[in-house]
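Report on one structure; see the data block that follows.
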Amino acid sequence: MHAIAAVTLAVFLVVTGVMHFLTPGYFRRLVPAWLGRERLLVAVSGAAEVVVGALVLVPCGRPAGGWAAAVLITGYQVSHMDALRRAHPDRPRLLERPSGAVARLAVNVLYIAWAVAVARSAA
């Protein structure tokens, strides 16, 4: 079971990282405006996800990769907190409403827990 969780996390990270380059506009919209440099941040985070995913995929790299994934995903909480701050109930898109923004935060916490579980089980 631990190997399945690790490989699934690795694939998730690599695919998401590659999507940063295939659909950068989507990911740029997630970057808080006050951070600026959306293109750079999307490219760097996408590359980081691919590298961390590859690290998680290799059994001897799993402990470090799992912790790196947890740190990387924790960094994304800034985006989700900003979305919650800007959320409004009458927005057309669910993820722009308070309930959607809270869901984003909660799901991201689950991703962090997943990465920590992979790191701990691989050590």
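By order of appearance in the structure tokens: chains A, B, ..., then residues from 1 within every chain, and ligands from 1 in the order shown.
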
Contacts of A:Arg62 at 12 Å or less, counting only C-alpha atoms, minus same-chain residues fewer than 6 places along, as a PyMOL selection string?
-> chain A and resi 2-3+5-7+9-10+52-56+68-70+115-123

List the neighbours of A:Val71 out to 12 Å using only C-alpha atoms; skip same-chain residues closer than 3 positions along the sequence, and give me the result as an NGL selection string.
-> :A and (45 or 48-49 or 52 or 64-68 or 74-77 or 108-109 or 111-116 or 119)

What residues in stretch 21-114 of chain A get the DSSP label helix (DSSP H, G or I)? Please answer as a PyMOL selection string.
-> chain A and resi 21-22+24-30+33-35+38-57+59-75+77-86+94-96+98-114

Which residues come within 10 Å of A:Ala33, counting only C-alpha atoms, excluding same-chain residues fewer than 5 positions away, as number ranges by chain?
-> A: 28, 38, 79, 82

Filtering to N, CA, C and O atoms, could you give me those residues as a JSON list (two decimals), in the first residue's frame?
```
[["chain", "number", "residue", "atom", "x", "y", "z"],
["A", 28, "ARG", "N", -1.18, 30.62, -13.78],
["A", 28, "ARG", "CA", -0.89, 32.04, -13.52],
["A", 28, "ARG", "C", -2.04, 32.71, -12.80],
["A", 28, "ARG", "O", -1.83, 33.59, -11.96],
["A", 38, "GLU", "N", 4.26, 36.16, -12.24],
["A", 38, "GLU", "CA", 3.45, 34.95, -12.38],
["A", 38, "GLU", "C", 4.09, 33.92, -13.31],
["A", 38, "GLU", "O", 4.11, 32.73, -13.00],
["A", 79, "SER", "N", -1.38, 30.81, -1.98],
["A", 79, "SER", "CA", -2.34, 31.04, -3.06],
["A", 79, "SER", "C", -3.76, 30.76, -2.61],
["A", 79, "SER", "O", -4.69, 31.52, -2.91],
["A", 82, "ASP", "N", -4.98, 33.44, -0.20],
["A", 82, "ASP", "CA", -5.30, 34.65, -0.95],
["A", 82, "ASP", "C", -6.65, 34.49, -1.64],
["A", 82, "ASP", "O", -7.45, 35.43, -1.68]]
```

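Atom CA of A:His80 is positioned 18.9 Å from atom CA of A:Thr23.
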
Return the single residue from A:Leu94, A:Val50, A:Leu105, A:Leu57 that is closest to A:Leu13, with distances computed using only C-alpha atoms.
-> A:Val50

Near-A:Leu30 list (12 Å; only C-alpha atoms; drop same-chain fewer than 4 positions) as JSON, numbers by chain = {"A": [20, 24, 25, 26, 34, 35, 36, 38, 39, 41, 42, 45, 76, 77, 78, 79, 80, 81, 82, 83, 84, 86, 95, 96, 101, 104]}

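Rounded to one decimal, atom CA of A:Pro32 and atom CA of A:Leu110 lie 21.6 Å from each other.
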
Tell me which of A:Val14, A:Ala47, A:Val102, A:Ile73 sits closest to A:Arg85, counting only C-alpha atoms.
-> A:Val102
